[in-house]
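**Q** Data file data.csv (CSV, C-alpha atoms) is appended below.
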```
chain,number,residue,atom,x,y,z
A,1,MET,CA,4.0,82.9,38.3
A,2,THR,CA,4.4,80.2,40.8
A,3,THR,CA,2.2,78.6,43.4
A,4,GLN,CA,3.1,76.8,46.5
A,5,SER,CA,1.3,74.2,48.5
A,6,THR,CA,2.1,72.5,51.7
A,7,SER,CA,1.4,68.9,52.6
A,8,ASP,CA,-1.0,68.2,55.4
A,9,GLY,CA,1.9,67.1,57.5
A,10,GLY,CA,3.7,70.4,56.8
A,11,GLY,CA,6.9,68.5,55.9
A,12,VAL,CA,6.8,68.6,52.1
A,13,GLN,CA,6.4,71.6,50.0
A,14,VAL,CA,5.6,71.5,46.3
A,15,ARG,CA,6.4,74.4,44.1
A,16,LEU,CA,4.8,74.5,40.6
A,17,SER,CA,5.2,77.0,37.9
A,18,VAL,CA,2.2,77.7,35.7
A,19,ARG,CA,4.5,77.4,32.7
A,20,SER,CA,5.5,73.9,33.7
A,21,LEU,CA,2.0,72.6,34.1
A,22,PRO,CA,1.6,71.3,30.5
A,23,ARG,CA,4.7,69.3,30.9
A,24,VAL,CA,3.4,67.8,34.2
A,25,ILE,CA,0.1,66.9,32.6
A,26,ALA,CA,1.9,65.2,29.6
A,27,LEU,CA,4.2,63.3,32.0
A,28,LEU,CA,1.2,62.0,34.0
A,29,ALA,CA,-0.5,60.9,30.8
A,30,THR,CA,2.6,59.0,29.6
A,31,LEU,CA,3.0,57.2,32.9
A,32,SER,CA,-0.7,56.2,33.1
A,33,GLY,CA,-0.5,54.6,29.6
A,34,SER,CA,3.0,53.1,30.0
A,35,ALA,CA,3.8,49.3,30.0
A,36,ALA,CA,4.8,49.7,33.6
A,37,CYS,CA,1.2,50.2,34.6
A,38,GLU,CA,-0.3,47.5,32.3
A,39,SER,CA,-1.0,43.8,33.1
A,40,PRO,CA,1.8,41.5,31.9
A,41,PRO,CA,1.0,39.9,28.6
A,42,THR,CA,-0.5,36.4,28.6
A,43,PRO,CA,2.2,33.8,27.7
A,44,LEU,CA,1.5,31.9,24.4
A,45,LEU,CA,0.6,28.2,25.1
A,46,PRO,CA,1.6,25.4,22.7
A,47,GLU,CA,-1.1,24.3,20.3
A,48,PRO,CA,-2.8,21.0,21.3
A,49,ASP,CA,-1.2,17.8,20.0
A,50,THR,CA,-3.2,15.0,21.4
A,51,ASP,CA,-1.3,12.1,19.8
A,52,GLY,CA,2.1,13.7,20.4
A,53,ASP,CA,3.4,13.3,16.9
A,54,THR,CA,4.5,17.0,16.7
A,55,ILE,CA,1.6,17.8,14.3
A,56,PRO,CA,-0.9,20.2,16.0
A,57,ASP,CA,-4.4,18.8,16.2
A,58,LYS,CA,-5.8,21.5,13.9
A,59,ASP,CA,-3.3,20.4,11.2
A,60,ASP,CA,-3.3,16.7,12.0
A,61,ASN,CA,-5.3,14.4,9.6
A,62,CYS,CA,-5.5,11.8,12.4
A,63,PRO,CA,-5.3,13.8,15.7
A,64,ASN,CA,-5.8,10.9,18.1
A,65,GLN,CA,-3.3,8.5,16.6
A,66,ALA,CA,0.4,9.3,15.8
A,67,ASN,CA,0.9,8.9,12.0
A,68,SER,CA,2.9,9.9,9.0
A,69,GLN,CA,0.0,12.0,7.6
A,70,ALA,CA,-0.4,9.6,4.7
A,71,ASP,CA,-3.8,10.1,3.0
A,72,SER,CA,-4.1,7.6,0.1
A,73,ASP,CA,-7.6,8.8,-1.1
A,74,GLY,CA,-7.0,12.5,-0.4
A,75,ASP,CA,-10.1,13.0,1.7
A,76,GLY,CA,-8.4,14.7,4.6
A,77,VAL,CA,-8.6,11.7,6.9
A,78,GLY,CA,-5.2,10.0,7.5
A,79,ASP,CA,-4.9,6.4,6.5
A,80,ALA,CA,-4.1,5.5,10.2
A,81,CYS,CA,-7.7,6.3,11.2
A,82,ASP,CA,-9.6,6.1,7.8
A,83,LEU,CA,-12.1,3.3,7.8
A,84,CYS,CA,-12.1,3.4,4.0
A,85,PRO,CA,-8.5,4.5,3.1
A,86,ASN,CA,-9.0,3.9,-0.6
A,87,ASP,CA,-12.5,5.5,-1.0
A,88,GLU,CA,-12.8,9.2,-0.7
A,89,GLY,CA,-15.3,10.2,2.1
A,90,SER,CA,-15.4,12.7,4.9
A,91,ALA,CA,-14.2,13.1,8.4
A,92,GLU,CA,-17.8,12.9,9.6
A,93,GLY,CA,-18.0,9.4,8.1
A,94,ASP,CA,-14.5,8.4,9.3
A,95,GLY,CA,-13.2,8.8,5.8
A,96,CYS,CA,-15.9,6.6,4.2
A,97,PRO,CA,-18.5,7.6,1.5
A,98,ALA,CA,-22.0,8.4,2.6
A,99,GLY,CA,-23.7,5.3,3.8
A,100,GLY,CA,-23.0,2.7,6.5
A,101,ALA,CA,-20.2,0.3,7.1
A,102,GLY,CA,-21.6,-3.2,7.6
A,103,GLY,CA,-25.1,-2.2,6.6
A,104,GLY,CA,-27.3,-5.2,7.5
A,105,GLY,CA,-29.0,-7.4,5.0
A,106,GLN,CA,-32.8,-7.5,4.5
A,107,GLY,CA,-34.9,-10.3,6.0
A,108,GLY,CA,-34.6,-9.7,9.7
A,109,GLY,CA,-30.8,-10.1,9.9
A,110,VAL,CA,-30.5,-13.6,8.4
A,111,ALA,CA,-27.5,-12.4,6.4
A,112,ALA,CA,-24.6,-10.1,6.9
A,113,GLY,CA,-24.2,-6.8,5.1
A,114,HIS,CA,-21.1,-5.9,3.1
A,115,ASP,CA,-18.9,-2.8,2.8
A,116,GLY,CA,-15.5,-1.9,1.5
A,117,GLY,CA,-13.9,-3.3,4.5
A,118,GLY,CA,-15.6,-6.7,4.9
A,119,PHE,CA,-18.7,-7.9,6.6
A,120,GLY,CA,-20.9,-6.2,9.1
A,121,PRO,CA,-23.5,-7.6,11.5
A,122,GLY,CA,-26.9,-8.6,10.0
A,123,GLY,CA,-29.9,-6.4,10.3
A,124,ALA,CA,-33.0,-5.1,8.5
A,125,GLY,CA,-31.0,-3.2,5.9
A,126,GLY,CA,-29.6,-0.8,8.6
A,127,GLN,CA,-26.5,1.3,8.2
A,128,GLY,CA,-23.5,1.8,10.5
A,129,VAL,CA,-20.7,4.4,10.5
A,130,GLY,CA,-19.1,5.1,7.2
A,131,GLY,CA,-18.9,2.8,4.1
A,132,SER,CA,-21.8,2.1,1.8
A,133,ALA,CA,-25.1,0.5,2.5
A,134,GLY,CA,-25.2,-3.2,2.3
A,135,PRO,CA,-27.1,-5.1,-0.4
A,136,THR,CA,-30.8,-5.7,0.0
A,137,GLY,CA,-31.5,-9.1,-1.5
A,138,PHE,CA,-32.4,-10.1,-5.1
A,139,GLY,CA,-29.6,-7.8,-6.2
A,140,ASP,CA,-28.3,-7.1,-9.7
A,141,CYS,CA,-25.3,-9.4,-9.9
A,142,MET,CA,-25.5,-9.3,-13.7
A,143,ASN,CA,-24.2,-5.8,-13.8
A,144,GLN,CA,-22.6,-5.2,-10.4
A,145,PRO,CA,-19.8,-7.1,-8.5
A,146,LEU,CA,-21.1,-10.0,-6.4
A,147,LEU,CA,-19.6,-8.4,-3.2
A,148,THR,CA,-21.8,-5.4,-3.5
A,149,ALA,CA,-24.9,-7.0,-5.2
A,150,CYS,CA,-25.6,-10.2,-3.2
A,151,LEU,CA,-26.1,-11.0,0.4
A,152,GLU,CA,-23.7,-13.4,2.0
A,153,SER,CA,-26.4,-16.2,1.8
A,154,GLU,CA,-27.0,-15.6,-1.9
A,155,THR,CA,-25.3,-16.5,-5.2
A,156,CYS,CA,-25.8,-15.2,-8.7
A,157,LEU,CA,-28.4,-17.3,-10.5
A,158,VAL,CA,-28.5,-17.0,-14.3
A,159,SER,CA,-31.2,-18.2,-16.6
A,160,PRO,CA,-29.8,-20.7,-19.2
A,161,LEU,CA,-32.5,-19.6,-21.6
A,162,SER,CA,-32.3,-15.8,-21.5
A,163,GLY,CA,-29.0,-15.1,-19.8
A,164,ASN,CA,-30.8,-12.8,-17.4
A,165,GLY,CA,-30.1,-13.3,-13.7
A,166,ALA,CA,-30.3,-12.0,-10.1
A,167,CYS,CA,-29.0,-12.8,-6.6
A,168,GLY,CA,-30.8,-15.8,-5.1
A,169,ALA,CA,-30.7,-17.3,-1.6
A,170,SER,CA,-30.6,-21.0,-1.0
A,171,GLY,CA,-32.2,-23.1,1.7
A,172,CYS,CA,-35.7,-21.9,1.0
A,173,GLU,CA,-38.4,-23.8,2.9
A,174,ASN,CA,-40.8,-20.9,3.9
A,175,PRO,CA,-40.4,-17.9,1.6
A,176,ALA,CA,-42.0,-15.6,4.2
A,177,THR,CA,-39.1,-16.2,6.6
A,178,ASP,CA,-36.3,-17.6,4.5
A,179,CYS,CA,-36.2,-15.1,1.6
A,180,PRO,CA,-35.0,-11.5,1.5
A,181,VAL,CA,-37.7,-8.8,1.2
A,182,PRO,CA,-37.9,-7.1,-2.2
A,183,THR,CA,-37.5,-3.3,-2.0
A,184,SER,CA,-40.3,-2.4,-4.4
A,185,GLY,CA,-42.9,-4.0,-6.6
A,186,ASN,CA,-45.4,-6.6,-5.5
A,187,ALA,CA,-43.8,-9.8,-6.8
A,188,ALA,CA,-43.6,-12.2,-3.8
A,189,PRO,CA,-40.7,-14.5,-3.0
A,190,ILE,CA,-41.3,-18.2,-3.7
A,191,CYS,CA,-39.2,-21.3,-3.2
A,192,VAL,CA,-38.0,-23.0,-6.5
A,193,THR,CA,-36.1,-26.2,-7.0
A,194,LEU,CA,-33.5,-25.5,-9.7
A,195,TYR,CA,-31.8,-28.9,-10.0
A,196,GLN,CA,-32.0,-30.5,-6.6
A,197,PRO,CA,-32.7,-29.3,-3.1
A,198,PRO,CA,-32.0,-27.0,-1.3
A,199,ASP,CA,-34.6,-24.8,-3.0
A,200,TRP,CA,-33.8,-21.2,-3.9
A,201,CYS,CA,-35.7,-17.9,-3.4
A,202,PHE,CA,-37.1,-16.3,-6.5
A,203,LEU,CA,-39.6,-13.5,-7.1
A,204,ASP,CA,-42.7,-14.8,-8.8
A,205,CYS,CA,-44.2,-12.6,-11.6
A,206,SER,CA,-46.2,-15.4,-13.3
A,207,GLN,CA,-49.5,-13.7,-12.7
A,208,GLY,CA,-48.5,-10.2,-13.9
A,209,GLN,CA,-47.0,-9.1,-10.6
A,210,GLN,CA,-44.8,-6.0,-10.7
A,211,CYS,CA,-41.1,-6.7,-10.4
A,212,PRO,CA,-38.9,-4.5,-8.2
A,213,ASP,CA,-37.3,-1.5,-9.9
A,214,GLY,CA,-34.8,-2.4,-12.6
A,215,MET,CA,-35.9,-6.1,-12.9
A,216,VAL,CA,-38.0,-7.6,-15.7
A,217,CYS,CA,-40.3,-10.6,-15.7
A,218,ASP,CA,-38.2,-13.2,-17.5
A,219,GLY,CA,-39.6,-16.0,-19.7
A,220,ASN,CA,-39.4,-18.3,-16.7
A,221,SER,CA,-41.9,-16.0,-14.9
A,222,PHE,CA,-39.2,-14.9,-12.4
A,223,CYS,CA,-38.0,-11.3,-11.8
A,224,LEU,CA,-34.5,-11.0,-13.1
A,225,PHE,CA,-32.0,-8.4,-14.3
A,226,VAL,CA,-31.0,-8.0,-18.0
A,227,PRO,CA,-27.3,-7.8,-18.7
A,228,ASP,CA,-26.1,-4.3,-19.6
A,229,ILE,CA,-22.8,-5.1,-21.2
A,230,PRO,CA,-20.3,-2.1,-21.4
A,231,ALA,CA,-18.9,-1.3,-24.8
A,232,GLU,CA,-15.4,-1.7,-23.3
A,233,TRP,CA,-16.0,-5.4,-22.7
A,234,THR,CA,-13.8,-7.5,-25.0
A,235,CYS,CA,-14.8,-11.0,-24.1
A,236,ASP,CA,-17.8,-13.0,-25.3
A,237,ASP,CA,-21.1,-11.4,-24.2
A,238,ALA,CA,-22.3,-14.8,-23.1
A,239,VAL,CA,-19.8,-14.9,-20.2
A,240,TRP,CA,-20.7,-11.4,-18.8
A,241,GLY,CA,-21.9,-11.7,-15.3
A,242,ALA,CA,-21.6,-14.8,-13.1
A,243,ALA,CA,-22.6,-17.6,-15.6
A,244,ASN,CA,-19.1,-19.1,-15.5
A,245,GLY,CA,-17.3,-17.3,-12.7
A,246,CYS,CA,-14.9,-14.4,-12.9
A,247,ASP,CA,-13.6,-13.7,-16.4
A,248,CYS,CA,-10.4,-11.6,-16.5
A,249,GLY,CA,-8.5,-9.5,-19.0
A,250,CYS,CA,-11.7,-8.4,-20.7
A,251,GLY,CA,-11.3,-4.6,-20.5
A,252,VAL,CA,-13.9,-4.3,-17.7
A,253,VAL,CA,-14.1,-6.1,-14.4
A,254,ASP,CA,-16.6,-8.9,-14.7
A,255,PRO,CA,-19.6,-8.6,-12.3
A,256,GLY,CA,-19.0,-12.3,-11.5
A,257,CYS,CA,-15.7,-11.3,-9.7
A,258,GLU,CA,-16.0,-10.8,-6.0
A,259,THR,CA,-13.1,-8.3,-6.1
A,260,PRO,CA,-11.2,-6.5,-8.9
A,261,GLY,CA,-8.0,-8.2,-7.9
A,262,GLY,CA,-6.3,-11.1,-9.8
A,263,SER,CA,-7.1,-13.5,-7.0
A,264,ALA,CA,-10.7,-13.6,-8.0
A,265,CYS,CA,-10.0,-14.8,-11.5
A,266,ASP,CA,-11.6,-18.1,-12.7
A,267,VAL,CA,-11.0,-17.7,-16.4
A,268,CYS,CA,-7.9,-15.7,-17.7
A,269,ASN,CA,-7.5,-16.9,-21.3
A,270,GLY,CA,-11.1,-16.9,-22.5
A,271,SER,CA,-12.0,-15.6,-26.0
A,272,GLY,CA,-11.3,-11.9,-26.2
A,273,SER,CA,-9.1,-11.8,-23.1
A,274,CYS,CA,-5.7,-10.0,-23.2
A,275,SER,CA,-4.1,-13.1,-21.5
A,276,ALA,CA,-3.0,-16.0,-23.6
A,277,ALA,CA,-2.4,-18.3,-20.7
A,278,SER,CA,-4.6,-19.7,-18.0
A,279,CYS,CA,-4.8,-18.0,-14.6
A,280,PRO,CA,-3.0,-16.1,-13.4
A,281,GLY,CA,-1.6,-15.6,-16.9
A,282,SER,CA,-0.6,-12.1,-17.6
A,283,ILE,CA,-3.5,-10.6,-15.6
A,284,ASP,CA,-2.7,-7.5,-13.6
A,285,PRO,CA,-3.1,-8.7,-9.9
A,286,LYS,CA,-4.5,-5.3,-8.9
A,287,ASP,CA,-6.9,-4.8,-11.9
A,288,ASN,CA,-8.1,-8.1,-13.3
A,289,ALA,CA,-9.7,-6.3,-16.3
A,290,SER,CA,-6.2,-5.6,-17.7
A,291,CYS,CA,-2.9,-7.4,-18.4
A,292,LEU,CA,0.6,-6.4,-17.3
```
Rewrite the coordinates I just gave you, this time as structure tokens.
**A**
Amino acid sequence: MTTQSTSDGGGVQVRLSVRSLPRVIALLATLSGSAACESPPTPLLPEPDTDGDTIPDKDDNCPNQANSQADSDGDGVGDACDLCPNDEGSAEGDGCPAGGAGGGGQGGGVAAGHDGGGFGPGGAGGQGVGGSAGPTGFGDCMNQPLLTACLESETCLVSPLSGNGACGASGCENPATDCPVPTSGNAAPICVTLYQPPDWCFLDCSQGQQCPDGMVCDGNSFCLFVPDIPAEWTCDDAVWGAANGCDCGCGVVDPGCETPGGSACDVCNGSGSCSAASCPGSIDPKDNASCL
């Protein structure tokens, strides 16, 4: 059976067979879904590479600065833009441990704060970006390195009687304005003449005042820290801390050392040291607790 239709203009005739109708329907379906009727595919764009070092930003450990992808501390932040390349941190902290680079010192900014990269601006113990918080005054230089324990204006003061000690600031005329503020306890700063002026800031516990956390009231009635000497320390216990400077080759970095490097050494062939000669002796320049 066939049907015939005529166009409105009468010029074209279409003859269809009923038996051919399924084929026509299938053909129309194929054409309607063919690539010829679809929109052309969106071309693939190159992945962003802000610094142009051929490493896509999503894979680049320092996307804004061309670099070799070196990452010394393995924290995912490239050395080229890591503020603390030798201390594992996070991208949020620019590669630095939690805390603040250049954290300010206590006492209204009279001293600069420290971090792994040097000194930051003074402040009331504030924190910046990355790094670790700065010291807060009256720190424990008996058991911690000077650089992280004491403010820039302080030195490590050790009692000749007990061997206890703490960071103390010089130039004390008015303790209310010249001394750091203790972080806890109620022992107040006082000005004390050690040998000759200038006077030094100490915390007075002579009337039973409570010393800050970790400090004890020494026999001199000052708040001080008691040495906590590690078992690995091989030199004389009497030189642990800052009593005679930086002792090296002693199995553990002496808290009296400003850095763990050999350049900080004051004594290299002391009793118990692995070095038989005076500084630099055989001290490892990168780890002054050991010998080469």
**Q** Step by step: start from the point (-12.1, -17.7, -14.0) in the file's coordinates, keep every protein, DNA or RNA residue that has an atom no farther than 7 Å from it, count only C-alpha atoms, and write the set as number ranges by chain.
**A** A: 245-248, 265-268
**Q** Using all atoms listed in the file, list the residues that have an atom at most 10 Å from (-7.5, 7.2, -3.8), coordinates as in the file, as a VMD selection string.
**A** chain A and resid 71 to 75 84 to 88
**Q** Please measure the separation of CA of Leu146 in chain A and CA of Val77 in chain A, giving the value in Å to one decimal.
**A** 28.4 Å
**Q** With only C-alpha atoms as the basis for distance, which of A:Glu47, A:Asp287, A:Asp254, A:Asp140 is at the shortest distance from Asp59 in chain A?
**A**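 Distance minimum relative to Asp59 in chain A lands on A:Glu47.
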**Q** Please provide the set of residues having any atom within 8 Å of range 280-283 of chain A, restricted to only C-alpha atoms, with same-chain residues fewer than 2 positions apart removed, written as a list of chain:residue names.
**A**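 Returned residues: A:Cys248, A:Gly249, A:Gly262, A:Cys265, A:Cys268, A:Asn269, A:Cys274, A:Ser275, A:Ala276, A:Ala277, A:Ser278, A:Pro285, A:Asp287, A:Asn288, A:Ala289, A:Ser290, A:Cys291, A:Leu292.
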**Q** Mind pulling up the distance from CA of Asn164 in chain A to CA of Pro230 in chain A?
**A**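 One can read the CA of Pro230 in chain A to CA of Asn164 in chain A distance as 15.5 Å.
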**Q** CA of Ala176 in chain A to CA of Pro189 in chain A: how many Å, to one decimal?
**A** 7.4 Å
**Q** Give me the residues near Asp57 in chain A as a list in words, where near means some atom within 6 Å (using all atoms listed in the file) and where sequence neighbours in that chain fewer than 5 positions away do not count.
**A** Pro48, Asp49 and Pro63 of chain A
**Q** Save out the residues we just selected, C-alpha atoms, as a CSV table (one decimal), in the frame of the given file.
**A**
```
chain,number,residue,atom,x,y,z
A,48,PRO,CA,-2.8,21.0,21.3
A,49,ASP,CA,-1.2,17.8,20.0
A,63,PRO,CA,-5.3,13.8,15.7
```
**Q** A:Pro227, A:Glu154, A:Ser273, A:Ala70: which is nearest Gly241 in chain A, counting only C-alpha atoms?
**A** A:Pro227
**Q** Might you pull out every residue within 10 Å of Ala66 in chain A, with all atoms listed in the file counted and same-chain residues fewer than 3 positions away left off, and present them as a PyMOL selection string?
**A** chain A and resi 49-55+60-63+69+80-81
**Q** Restricting the calculation to all atoms listed in the file: of A:Asn220, A:Ser206, A:Gly272, A:Gly163, which residue gets closest to Cys235 in chain A?
**A**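 Looking only at the distances to Cys235 in chain A, the closest residue turns out to be A:Gly272.
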**Q** Between A:Ile229, A:Asp178, A:Ser221, A:Ser184, which is the closest to Ser159 in chain A once you count all atoms listed in the file?
**A**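 Ranking A:Ile229, A:Asp178, A:Ser221, A:Ser184 by distance to Ser159 in chain A, first place goes to A:Ser221.
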